[in-house]
$ cat protein_36.txt   # compact mmCIF, C-alpha atoms and all ligand atoms
# COMPACT_ATOMS: atom_id res chain seq x y z
CA MET F 1 -103.18 96.18 40.78
CA SER F 2 -104.65 95.21 37.41
CA ARG F 3 -106.36 97.65 35.07
CA ILE F 4 -109.72 96.39 33.95
CA VAL F 5 -112.06 98.05 31.47
CA LEU F 6 -115.70 97.21 32.09
CA GLY F 7 -117.68 97.78 28.90
CA VAL F 8 -121.42 97.96 29.43
CA ALA F 9 -123.81 97.67 26.48
CA GLY F 10 -127.44 98.78 26.40
CA GLY F 11 -129.47 95.96 27.88
CA ILE F 12 -131.56 95.64 31.02
CA ALA F 13 -128.84 93.43 32.52
CA ALA F 14 -126.69 96.60 32.78
CA TYR F 15 -127.92 96.88 36.37
CA LYS F 16 -126.19 93.59 37.18
CA ALA F 17 -122.89 95.05 35.94
CA CYS F 18 -123.00 97.35 39.02
CA GLU F 19 -122.53 94.28 41.22
CA LEU F 20 -119.72 93.04 38.94
CA LEU F 21 -118.06 96.45 39.20
CA ARG F 22 -118.25 96.34 43.00
CA ARG F 23 -116.71 92.88 43.09
CA LEU F 24 -113.85 93.90 40.82
CA THR F 25 -113.05 97.12 42.69
CA GLU F 26 -113.34 95.35 46.07
CA SER F 27 -110.71 92.86 44.94
CA ALA F 28 -108.36 95.82 44.42
CA HIS F 29 -108.59 96.26 40.65
CA GLU F 30 -108.66 99.66 38.98
CA VAL F 31 -111.79 99.60 36.85
CA THR F 32 -112.64 102.07 34.09
CA VAL F 33 -116.26 101.81 33.03
CA VAL F 34 -117.07 102.46 29.36
CA PRO F 35 -120.83 102.30 28.86
CA THR F 36 -122.50 102.70 25.48
CA GLU F 37 -124.95 105.56 25.05
CA ASN F 38 -127.82 103.05 25.33
CA ALA F 39 -126.41 101.55 28.54
CA LEU F 40 -126.86 104.96 30.16
CA ALA F 41 -130.60 104.67 29.50
CA PHE F 42 -130.60 101.77 31.99
CA VAL F 43 -127.95 102.87 34.53
CA GLY F 44 -126.75 106.49 34.71
CA GLU F 45 -123.24 107.83 34.51
CA ALA F 46 -123.27 108.91 38.17
CA THR F 47 -123.65 105.28 39.32
CA TRP F 48 -120.69 104.10 37.24
CA ALA F 49 -118.53 107.04 38.31
CA ALA F 50 -119.36 106.61 42.01
CA LEU F 51 -118.84 102.84 42.03
CA SER F 52 -115.59 102.96 40.03
CA GLY F 53 -114.21 106.16 41.51
CA ARG F 54 -113.14 107.15 37.98
CA PRO F 55 -114.44 109.36 35.17
CA VAL F 56 -116.88 107.79 32.75
CA HIS F 57 -117.01 108.48 29.01
CA THR F 58 -119.09 106.98 26.24
CA GLN F 59 -118.00 108.93 23.15
CA VAL F 60 -114.65 109.51 21.47
CA PHE F 61 -115.24 113.27 21.43
CA GLU F 62 -115.17 113.55 25.23
CA ALA F 63 -111.81 114.38 26.88
CA VAL F 64 -110.24 114.32 23.39
CA HIS F 65 -106.91 115.70 24.63
CA GLU F 66 -106.40 112.42 26.53
CA VAL F 67 -106.96 110.39 23.33
CA PRO F 68 -109.17 107.97 25.32
CA HIS F 69 -110.25 105.95 22.28
CA VAL F 70 -106.70 104.58 21.99
CA ARG F 71 -105.28 104.95 25.49
CA ILE F 72 -107.95 103.07 27.44
CA GLY F 73 -107.71 99.92 25.30
CA GLN F 74 -103.93 99.98 25.01
CA HIS F 75 -103.35 100.22 28.75
CA ALA F 76 -105.86 97.62 29.91
CA ASP F 77 -104.90 94.23 31.38
CA LEU F 78 -108.39 92.90 30.69
CA VAL F 79 -111.47 94.19 28.91
CA VAL F 80 -114.75 92.64 30.03
CA VAL F 81 -118.04 93.54 28.34
CA ALA F 82 -121.08 92.76 30.49
CA PRO F 83 -123.73 92.71 29.28
CA ALA F 84 -122.65 92.17 25.66
CA THR F 85 -125.88 92.69 23.71
CA ALA F 86 -126.63 91.30 20.23
CA ASP F 87 -125.92 94.74 18.79
CA LEU F 88 -122.59 95.09 20.60
CA LEU F 89 -121.50 91.62 19.45
CA ALA F 90 -122.48 92.56 15.87
CA ARG F 91 -120.59 95.84 16.00
CA ALA F 92 -117.52 94.18 17.52
CA ALA F 93 -117.60 91.36 14.95
CA SER F 94 -117.75 93.81 12.05
CA GLY F 95 -114.96 95.98 13.46
CA ARG F 96 -117.09 99.10 13.86
CA ALA F 97 -115.66 102.05 15.80
CA ASP F 98 -118.73 104.20 16.29
CA ASP F 99 -118.45 104.84 20.03
CA LEU F 100 -115.79 104.71 22.73
CA LEU F 101 -116.39 101.06 23.69
CA THR F 102 -115.96 99.75 20.13
CA ASN F 103 -112.79 101.86 19.80
CA VAL F 104 -111.49 100.28 23.00
CA LEU F 105 -112.21 96.82 21.61
CA LEU F 106 -110.19 97.62 18.48
CA THR F 107 -107.18 98.96 20.37
CA ALA F 108 -106.95 96.44 23.24
CA HIS F 109 -103.87 94.16 23.24
CA CYS F 110 -105.08 92.34 26.35
CA PRO F 111 -107.64 89.49 26.65
CA VAL F 112 -111.21 90.56 25.86
CA LEU F 113 -114.06 88.75 27.62
CA MET F 114 -117.69 89.10 26.52
CA ALA F 115 -120.59 88.10 28.78
CA PRO F 116 -123.63 88.07 26.48
CA ALA F 117 -127.16 88.88 27.61
CA MET F 118 -130.18 89.13 25.35
CA HIS F 119 -133.47 87.48 24.56
CA THR F 120 -133.24 83.76 23.68
CA GLU F 121 -134.36 84.35 20.09
CA MET F 122 -131.66 86.95 19.61
CA TRP F 123 -128.98 84.68 21.14
CA LEU F 124 -130.00 81.70 19.01
CA HIS F 125 -130.34 83.75 15.80
CA ALA F 126 -127.90 82.66 13.09
CA ALA F 127 -126.53 86.21 12.84
CA THR F 128 -125.61 86.35 16.55
CA GLN F 129 -124.18 82.83 16.53
CA ALA F 130 -122.05 83.71 13.47
CA ASN F 131 -120.84 86.88 15.20
CA VAL F 132 -119.89 84.90 18.31
CA ALA F 133 -118.06 82.29 16.21
CA LEU F 134 -116.19 85.04 14.35
CA LEU F 135 -115.22 86.83 17.57
CA ARG F 136 -114.05 83.55 19.10
CA SER F 137 -111.99 82.75 16.00
CA ARG F 138 -110.24 86.09 16.52
CA GLY F 139 -109.35 85.25 20.11
CA VAL F 140 -112.19 87.04 21.91
CA LEU F 141 -113.38 85.03 24.92
CA VAL F 142 -117.16 84.75 24.82
CA MET F 143 -118.95 83.19 27.81
CA ASP F 144 -122.12 81.22 27.24
CA PRO F 145 -125.15 83.04 28.66
CA ALA F 146 -127.01 81.50 31.57
CA ASP F 147 -130.25 79.64 31.08
CA GLY F 148 -133.20 80.91 33.08
CA ARG F 149 -135.81 83.57 33.63
CA LEU F 150 -135.47 86.53 31.23
CA THR F 151 -137.03 89.97 31.43
CA GLY F 152 -140.75 89.33 31.22
CA ALA F 153 -142.39 85.97 31.69
CA ASP F 154 -140.30 83.77 29.39
CA SER F 155 -137.11 81.85 30.08
CA GLY F 156 -134.26 80.25 28.12
CA PRO F 157 -130.59 80.84 27.32
CA GLY F 158 -129.76 84.55 27.27
CA ARG F 159 -129.47 85.64 30.89
CA LEU F 160 -126.33 87.45 31.94
CA PRO F 161 -124.17 85.03 33.97
CA GLU F 162 -124.12 85.94 37.67
CA ALA F 163 -121.73 88.74 38.68
CA SER F 164 -119.85 86.27 40.91
CA ASP F 165 -119.40 84.03 37.88
CA ILE F 166 -118.07 86.78 35.61
CA ALA F 167 -115.81 88.14 38.36
CA ALA F 168 -114.35 84.65 38.93
CA VAL F 169 -113.65 84.30 35.21
CA CYS F 170 -111.93 87.72 35.18
CA VAL F 171 -109.68 86.68 38.07
CA SER F 172 -108.69 83.47 36.27
CA LEU F 173 -107.70 85.40 33.12
CA LEU F 174 -105.58 88.14 34.70
CA ASP F 175 -101.84 87.50 34.48
CA ASP F 176 -102.41 83.96 33.34
CA ALA F 177 -101.37 83.45 29.72
CA ALA F 178 -101.83 79.66 29.97
CA THR F 179 -105.48 80.04 30.91
CA VAL F 180 -106.14 82.71 28.27
CA ASP F 181 -104.63 80.36 25.67
CA ALA F 182 -106.69 77.38 26.83
CA VAL F 183 -109.88 79.45 26.75
CA ARG F 184 -109.01 80.91 23.34
CA THR F 185 -108.34 77.50 21.79
CA ARG F 186 -111.34 76.00 23.62
CA ASP F 187 -109.30 72.88 24.24
CA LEU F 188 -112.25 71.06 25.84
CA ALA F 189 -114.68 71.76 22.97
CA GLY F 190 -116.72 68.72 22.03
CA ARG F 191 -116.01 67.06 25.39
CA HIS F 192 -118.51 66.17 28.09
CA VAL F 193 -117.04 66.52 31.55
CA VAL F 194 -118.72 65.56 34.81
CA VAL F 195 -117.66 67.31 38.00
CA SER F 196 -118.92 66.56 41.50
CA ALA F 197 -118.88 69.26 44.16
CA GLY F 198 -119.94 69.88 47.75
CA GLY F 199 -120.39 67.69 50.78
CA THR F 200 -122.97 64.97 51.22
CA HIS F 201 -125.59 64.85 53.99
CA GLU F 202 -126.40 61.47 55.53
CA ALA F 203 -129.80 61.56 57.21
CA LEU F 204 -130.11 60.43 60.83
CA ASP F 205 -133.80 61.28 61.13
CA PRO F 206 -136.17 63.65 59.29
CA VAL F 207 -134.39 66.76 60.66
CA ARG F 208 -130.75 65.79 61.30
CA PHE F 209 -127.86 64.67 59.18
CA LEU F 210 -124.13 63.92 59.32
CA GLY F 211 -122.25 66.32 57.04
CA ASN F 212 -118.83 67.82 56.38
CA ALA F 213 -117.22 71.21 55.82
CA SER F 214 -116.86 71.11 52.01
CA SER F 215 -118.21 74.34 50.46
CA GLY F 216 -118.14 73.12 46.84
CA LEU F 217 -116.03 76.11 45.73
CA GLN F 218 -113.30 74.05 44.05
CA GLY F 219 -115.84 71.91 42.17
CA ILE F 220 -117.71 75.04 41.07
CA ALA F 221 -114.44 76.57 39.85
CA LEU F 222 -113.68 73.36 37.91
CA ALA F 223 -117.11 73.37 36.27
CA ARG F 224 -116.83 77.07 35.36
CA ALA F 225 -113.32 76.62 33.96
CA ALA F 226 -114.32 73.62 31.81
CA SER F 227 -117.33 75.46 30.45
CA LEU F 228 -115.13 78.42 29.52
CA ARG F 229 -112.78 76.02 27.70
CA GLY F 230 -115.70 74.82 25.59
CA ALA F 231 -116.76 71.63 27.38
CA ARG F 232 -120.31 70.50 27.94
CA VAL F 233 -120.39 70.33 31.73
CA THR F 234 -122.55 68.41 34.15
CA LEU F 235 -122.10 69.51 37.75
CA VAL F 236 -123.31 67.02 40.33
CA ALA F 237 -123.82 69.30 43.31
CA ALA F 238 -124.13 67.91 46.83
CA ASN F 239 -125.83 70.51 49.04
CA VAL F 240 -123.99 73.44 47.46
CA THR F 241 -125.21 76.84 48.62
CA GLN F 242 -122.65 78.91 46.67
CA PRO F 243 -123.78 80.51 43.37
CA LEU F 244 -123.52 77.94 40.58
CA PRO F 245 -121.77 78.65 37.27
CA SER F 246 -123.77 79.43 34.15
CA GLY F 247 -123.79 77.15 31.14
CA CYS F 248 -123.63 73.90 33.17
CA THR F 249 -126.27 71.23 33.69
CA VAL F 250 -126.70 70.87 37.44
CA VAL F 251 -127.76 67.58 39.06
CA PRO F 252 -128.52 68.18 42.75
CA VAL F 253 -127.84 65.30 45.16
CA VAL F 254 -127.98 64.93 48.93
CA SER F 255 -126.33 61.72 50.15
CA THR F 256 -123.35 59.63 49.04
CA GLY F 257 -125.89 57.07 47.78
CA ASP F 258 -127.51 59.71 45.53
CA LEU F 259 -124.10 60.90 44.38
CA ALA F 260 -123.02 57.36 43.45
CA GLU F 261 -126.22 56.81 41.50
CA ALA F 262 -125.90 60.11 39.60
CA MET F 263 -122.21 59.68 38.77
CA LEU F 264 -122.57 56.08 37.61
CA ALA F 265 -125.49 57.05 35.37
CA LEU F 266 -123.44 59.89 33.81
CA GLN F 267 -120.22 57.89 33.43
CA PRO F 268 -120.83 56.21 30.02
CA ASP F 269 -121.26 59.61 28.32
CA ALA F 270 -118.30 61.38 29.97
CA ASP F 271 -114.85 62.11 28.55
CA ALA F 272 -113.55 63.14 31.96
CA ILE F 273 -114.81 62.89 35.52
CA VAL F 274 -113.53 64.95 38.43
CA MET F 275 -114.57 63.90 41.91
CA ALA F 276 -114.15 67.16 43.80
CA ALA F 277 -117.04 66.39 46.16
CA ALA F 278 -116.51 65.26 49.72
CA PRO F 279 -118.80 62.22 50.07
CA ALA F 280 -119.36 60.86 53.55
CA ASP F 281 -117.51 57.58 54.08
CA PHE F 282 -120.11 56.41 56.58
CA THR F 283 -123.87 56.66 56.74
CA PRO F 284 -126.27 55.71 59.56
CA ALA F 285 -127.10 52.00 59.41
CA GLU F 286 -130.72 52.91 60.01
CA VAL F 287 -132.52 56.20 59.44
CA SER F 288 -135.06 56.90 62.17
CA ALA F 289 -138.53 57.50 60.71
CA GLY F 290 -139.36 59.95 63.51
CA LYS F 291 -137.25 62.64 65.18
CA ILE F 292 -134.78 61.05 67.62
CA LYS F 293 -135.73 62.12 71.16
CA LYS F 294 -133.49 62.57 74.20
CA ASP F 295 -133.76 59.78 76.74
CA GLY F 296 -133.11 61.35 80.15
CA ASP F 297 -129.35 61.94 80.55
CA ALA F 298 -128.42 59.05 78.29
CA GLY F 299 -126.11 59.68 75.33
CA LEU F 300 -126.78 58.38 71.87
CA GLU F 301 -124.90 55.66 70.08
CA LEU F 302 -124.99 55.68 66.31
CA ARG F 303 -124.29 52.62 64.20
CA LEU F 304 -122.76 53.56 60.85
CA ARG F 305 -122.03 51.53 57.76
CA GLN F 306 -119.60 52.33 54.97
CA THR F 307 -120.89 54.05 51.86
CA THR F 308 -119.97 53.23 48.28
CA ASP F 309 -116.52 54.50 47.32
CA VAL F 310 -117.73 56.41 44.27
CA LEU F 311 -114.30 57.24 42.88
CA ALA F 312 -113.00 53.66 43.18
CA THR F 313 -116.20 52.32 41.60
CA LEU F 314 -116.01 54.78 38.69
CA SER F 315 -112.31 53.97 38.17
CA ALA F 316 -112.97 50.24 38.11
CA ARG F 317 -115.65 50.68 35.44
CA ARG F 318 -114.10 53.38 33.32
CA PRO F 319 -114.16 53.09 29.56
CA ARG F 320 -110.70 53.14 27.96
CA ALA F 321 -110.69 56.74 26.80
CA GLN F 322 -112.05 58.32 29.99
CA VAL F 323 -109.85 60.35 32.34
CA ILE F 324 -110.78 60.17 36.03
CA VAL F 325 -109.51 62.64 38.61
CA GLY F 326 -109.77 62.25 42.38
CA PHE F 327 -109.05 64.63 45.23
CA ALA F 328 -107.21 63.82 48.40
CA ALA F 329 -107.50 66.17 51.33
CA GLU F 330 -104.91 64.90 53.80
CA THR F 331 -103.58 66.08 57.13
CA ALA F 332 -99.86 65.53 56.62
CA ALA F 333 -96.95 66.81 58.72
CA ASP F 334 -94.86 67.66 55.63
CA ASP F 335 -94.62 67.30 51.83
CA THR F 336 -92.95 63.87 51.99
CA GLU F 337 -95.74 62.43 54.09
CA LEU F 338 -98.33 64.18 51.87
CA MET F 339 -96.83 62.62 48.74
CA ALA F 340 -96.70 59.15 50.31
CA LEU F 341 -100.36 59.39 51.33
CA GLY F 342 -101.24 60.64 47.84
CA ARG F 343 -99.46 57.84 46.01
CA ALA F 344 -101.10 55.22 48.20
CA LYS F 345 -104.53 56.77 47.62
CA LEU F 346 -104.02 57.05 43.84
CA ALA F 347 -103.19 53.35 43.72
CA ARG F 348 -106.09 52.40 46.01
CA LYS F 349 -108.66 54.43 44.10
CA GLY F 350 -107.34 53.46 40.64
CA CYS F 351 -107.89 56.92 39.12
CA ASP F 352 -105.61 58.58 36.53
CA LEU F 353 -104.84 61.78 38.43
CA LEU F 354 -105.09 62.80 42.06
CA VAL F 355 -105.24 66.40 43.29
CA LEU F 356 -103.47 66.46 46.63
CA ASN F 357 -103.84 69.13 49.26
CA ASN F 358 -102.90 69.46 52.88
CA VAL F 359 -105.87 70.37 55.07
CA SER F 360 -104.04 70.45 58.38
CA GLY F 361 -105.99 72.88 60.56
CA GLY F 362 -108.98 72.95 58.17
CA ALA F 363 -107.34 75.85 56.29
CA VAL F 364 -108.93 75.14 52.90
CA PHE F 365 -112.68 74.84 53.32
CA GLY F 366 -114.79 77.78 52.18
CA ARG F 367 -111.74 79.85 51.23
CA PRO F 368 -111.18 81.19 47.72
CA ASP F 369 -107.56 80.00 47.53
CA ASN F 370 -105.73 76.74 47.93
CA SER F 371 -102.44 75.00 47.21
CA VAL F 372 -102.33 71.63 45.43
CA ALA F 373 -100.13 69.11 43.66
CA VAL F 374 -101.55 67.00 40.83
CA ILE F 375 -100.00 63.55 40.71
CA ASP F 376 -100.23 60.52 38.45
CA ALA F 377 -98.69 57.08 38.93
CA ARG F 378 -95.25 58.41 37.91
CA GLY F 379 -95.17 61.43 40.20
CA THR F 380 -96.11 65.13 40.25
CA VAL F 381 -97.45 66.44 36.94
CA ALA F 382 -98.47 69.92 38.11
CA SER F 383 -98.58 72.08 41.16
CA ALA F 384 -100.56 75.23 41.69
CA GLN F 385 -101.47 77.65 44.38
CA GLY F 386 -103.68 80.67 44.64
CA ASP F 387 -107.26 81.26 43.66
CA LYS F 388 -109.37 78.12 43.19
CA ALA F 389 -110.16 79.39 39.65
CA VAL F 390 -106.46 79.25 38.76
CA ILE F 391 -106.10 75.81 40.35
CA ALA F 392 -109.10 74.60 38.34
CA HIS F 393 -107.41 75.57 35.08
CA ARG F 394 -104.15 73.82 36.06
CA ILE F 395 -106.18 70.65 36.80
CA TRP F 396 -107.80 70.81 33.34
CA ASP F 397 -104.35 71.40 31.80
CA ALA F 398 -103.25 68.15 33.47
CA VAL F 399 -106.38 66.34 32.23
CA VAL F 400 -105.75 67.52 28.65
CA ALA F 401 -102.06 66.60 28.89
CA SER F 402 -102.90 63.16 30.29
CA GLY F 403 -104.20 62.05 26.93
CA LEU F 404 -107.72 63.39 26.67
CA LYS F 405 -106.86 64.97 23.32
CA GLU F 406 -105.59 61.75 21.77
CA ASN F 407 -108.61 59.70 22.84
CA PRO F 408 -111.77 61.23 21.37
N1 LIG A 1 -114.60 59.58 47.50
C1 LIG A 1 -115.61 58.87 46.89
N2 LIG A 1 -116.49 58.15 47.61
C2 LIG A 1 -116.38 58.08 48.96
C3 LIG A 1 -115.34 58.78 49.61
C4 LIG A 1 -114.47 59.52 48.84
O1 LIG A 1 -115.71 58.94 45.67
N3 LIG A 1 -117.26 57.38 49.64
C5 LIG A 1 -113.66 60.33 46.66
C6 LIG A 1 -113.59 61.84 46.93
O2 LIG A 1 -114.50 62.56 46.12
C7 LIG A 1 -112.15 62.17 46.55
C8 LIG A 1 -111.41 60.89 46.85
O3 LIG A 1 -112.37 59.86 46.91
O4 LIG A 1 -112.03 62.45 45.18
C9 LIG A 1 -110.63 60.88 48.10
O5 LIG A 1 -111.44 61.22 49.19
P1 LIG A 1 -110.93 60.94 50.67
O6 LIG A 1 -111.98 61.33 51.64
O7 LIG A 1 -109.57 61.56 50.82
O8 LIG A 1 -110.75 59.38 50.54
P2 LIG A 1 -111.13 58.21 51.47
O9 LIG A 1 -111.41 57.02 50.65
O10 LIG A 1 -112.20 58.64 52.40
O11 LIG A 1 -109.76 57.97 52.20
P3 LIG A 1 -109.40 58.07 53.75
O12 LIG A 1 -109.31 56.66 54.16
O13 LIG A 1 -108.08 58.78 53.70
O14 LIG A 1 -110.48 58.82 54.42
$ encode --input "protein_36.txt" --output "structure tokens" --more "lines below"
Ligand code: CTP
Amino acid sequence: MSRIVLGVAGGIAAYKACELLRRLTESAHEVTVVPTENALAFVGEATWAALSGRPVHTQVFEAVHEVPHVRIGQHADLVVVAPATADLLARAASGRADDLLTNVLLTAHCPVLMAPAMHTEMWLHAATQANVALLRSRGVLVMDPADGRLTGADSGPGRLPEASDIAAVCVSLLDDAATVDAVRTRDLAGRHVVVSAGGTHEALDPVRFLGNASSGLQGIALARAASLRGARVTLVAANVTQPLPSGCTVVPVVSTGDLAEAMLALQPDADAIVMAAAPADFTPAEVSAGKIKKDGDAGLELRLRQTTDVLATLSARRPRAQVIVGFAAETAADDTELMALGRAKLARKGCDLLVLNNVSGGAVFGRPDNSVAVIDARGTVASAQGDKAVIAHRIWDAVVASGLKENP
């Protein structure tokens, strides 16, 4: 069980931290909530205490005999501040210790994650940006806020990322020094990465389609991980119904044809492309203009034609410095057969790296965890198992190691 401190600053998005708290406690973490005095104006102490099952303090003069201003920070495995307001970022950047939360921030040895939320003007203000840059230079992990509707009628960057998003980031940082390091150094800063996710739908008629079981979770985890490591991320999402990560540009697509068009248009501007989507290999040769009707007891024969192999097309056209990653979901009897299938597919597709997983029994789709090997033409370069967030980071490690750094 990991010990997480959830710091909550005084912004309207404090109510969303309740959902984050639930997610963290439901995944068996011990969470101590440290709200600021102003946070309690939005969500009361009773809510935090009930949801966390633990006492809640905001000031250093409460429960003084337990020395909470030092103990809470020192014993944490992760401190996450959500929402981190402009004022909290400013106080943290200047090393203030004027309430319990800022004391915790000064005494924590563990990774500290900030999820900012504020009005767009406040986020874009030079003072806030300088505070964020200073905090990042000191190793604090600061997420980019989401872009969208703010309190009131206006919209722009400044929304708190979704609770699911922040919770997924927390999971990827716990007990994972390699990921914390990659996020701290922002090893994908200045890079544009394009990730495809989800499963395509191939229309049969105006109401029916041929589809597949891909949930898009691994592609979403890849996009979120790259964004956290500083990349500019475009997520090409095929029929994804899962919550999408903040800070990414999303291009929605439906069919393999749409996906091919979107990916080929994005290719010239990309440093790396990861094809985590499951595009249909076949599409109906004709799409019926009207709804296909039953004809007595007769069955229905469909004529299908092959779609574009997007990965092979991208690989054939890739500029010299671009790294292209494919996925191979295979049903193999054992690791030897899996590796043989993977090597053959890597060669056939012409990509740099292939993420191999065994989907015998459909065990992977829609689940939060997975087990993969990353291979290149010489053999296995990485293997990972566990949460898809962790796997996403190991894939980016492999992309960085494959030469992305040397080829700006
Ligand atoms: N892929 C693609 N375009 C397609 C089909 C697949 O870009 N029309 C990509 C997938 O996104 C994945 C990789 O190719 O990254 C491998 O997908 P897979 O379905 O395993 O490959 P197939 O070419 O369909 O191979 P198989 O003959 O084994 O079905």
$ closest_residue --input "protein_36.txt" --among "F:Leu346, F:Val80, F:Ile395, F:Val390" --to "Thr179 (chain F)" --atoms "only C-alpha atoms"
F:Val390
$ closest_residue --input "protein_36.txt" --among "F:Leu6, F:Val56, F:Leu134, F:Ala146" --to "Gly247 (chain F)" --atoms "all atoms listed in the file"
F:Ala146
$ residues_around --input "protein_36.txt" --residues "region 190-197 of chain F" --least-positions-apart "2" --cutoff "10 Å" --atoms "all atoms listed in the file" --output "number ranges by chain"
F: 186-188, 199-200, 214-223, 226-227, 229-240, 248-253, 259, 262-263, 266-267, 269-279, 322-325, 404-405, 408
$ residues_near_ligand --input "protein_36.txt" --ligand "ligand LIG 1 (chain A)" --cutoff "9 Å" --atoms "all atoms listed in the file" --output "count of residues only"
39
$ atom_distance --input "protein_36.txt" --atom1 "CA of Thr25 (chain F)" --atom2 "CA of Leu51 (chain F)"
8.2 Å
$ residues_near_point --input "protein_36.txt" --point "(-108.0, 85.7, 33.3)" --cutoff "9 Å" --atoms "only C-alpha atoms" --output "list in words"
Leu78, Pro111, Leu113, Ala168, Val169, Cys170, Val171, Ser172, Leu173, Leu174, Asp175, Asp176, Ala177, Thr179, Val180 and Val390 of chain F
$ atom_distance --input "protein_36.txt" --atom1 "CA of Glu66 (chain F)" --atom2 "CA of Leu40 (chain F)"
22.1 Å
$ atom_distance --input "protein_36.txt" --atom1 "CA of Val254 (chain F)" --atom2 "CA of Ile292 (chain F)"
20.3 Å
$ residues_around --input "protein_36.txt" --residues "Val8 (chain F)" --least-positions-apart "5" --cutoff "6 Å" --atoms "only C-alpha atoms" --output "PyMOL selection string"
chain F and resi 35+81-83
$ residues_around --input "protein_36.txt" --residues "Val381 (chain F)" --least-positions-apart "6" --cutoff "9 Å" --atoms "all atoms listed in the file" --output "ChimeraX atom specification"
/F:353,373-375,398
$ residues_near_point --input "protein_36.txt" --point "(-137.9, 63.4, 57.4)" --cutoff "12 Å" --atoms "only C-alpha atoms" --output "JSON, numbers by chain"
{"F": [202, 203, 204, 205, 206, 207, 208, 209, 287, 288, 289, 290, 291, 292]}
$ residues_around --input "protein_36.txt" --residues "Thr36 (chain F)" --least-positions-apart "5" --cutoff "8 Å" --atoms "all atoms listed in the file" --output "list in words"
Gly7, Val8, Ala9, Gly10, Thr58, Asp99, Leu100 and Leu101 of chain F
$ closest_residue --input "protein_36.txt" --among "F:Arg317, F:Arg184, F:Arg136, F:Arg224" --to "Ala265 (chain F)" --atoms "all atoms listed in the file"
F:Arg317
$ closest_residue --input "protein_36.txt" --among "F:Val31, F:Leu124, F:Gln385, F:Thr107" --to "Pro68 (chain F)" --atoms "all atoms listed in the file"
F:Thr107
$ closest_residue --input "protein_36.txt" --among "F:Val43, F:Ala389, F:Gly53, F:Gly73" --to "Glu26 (chain F)" --atoms "all atoms listed in the file"
F:Gly53
$ closest_residue --input "protein_36.txt" --among "F:Met339, F:Val5, F:Val359, F:Ala117" --to "Asp87 (chain F)" --atoms "all atoms listed in the file"
F:Ala117
$ residues_around --input "protein_36.txt" --residues "Ala167 (chain F)" --least-positions-apart "6" --cutoff "9 Å" --atoms "all atoms listed in the file" --output "ChimeraX atom specification"
/F:20-21,23-24
$ write_last_selection --input "protein_36.txt" --atoms "C-alpha atoms" --output "mmCIF file, in the coordinates of the input"
data_model
loop_
_atom_site.group_PDB
_atom_site.id
_atom_site.type_symbol
_atom_site.label_atom_id
_atom_site.label_comp_id
_atom_site.auth_asym_id
_atom_site.auth_seq_id
_atom_site.Cartn_x
_atom_site.Cartn_y
_atom_site.Cartn_z
ATOM 1 C CA LEU F 20 -119.720 93.040 38.940
ATOM 2 C CA LEU F 21 -118.060 96.450 39.200
ATOM 3 C CA ARG F 23 -116.710 92.880 43.090
ATOM 4 C CA LEU F 24 -113.850 93.900 40.820
#
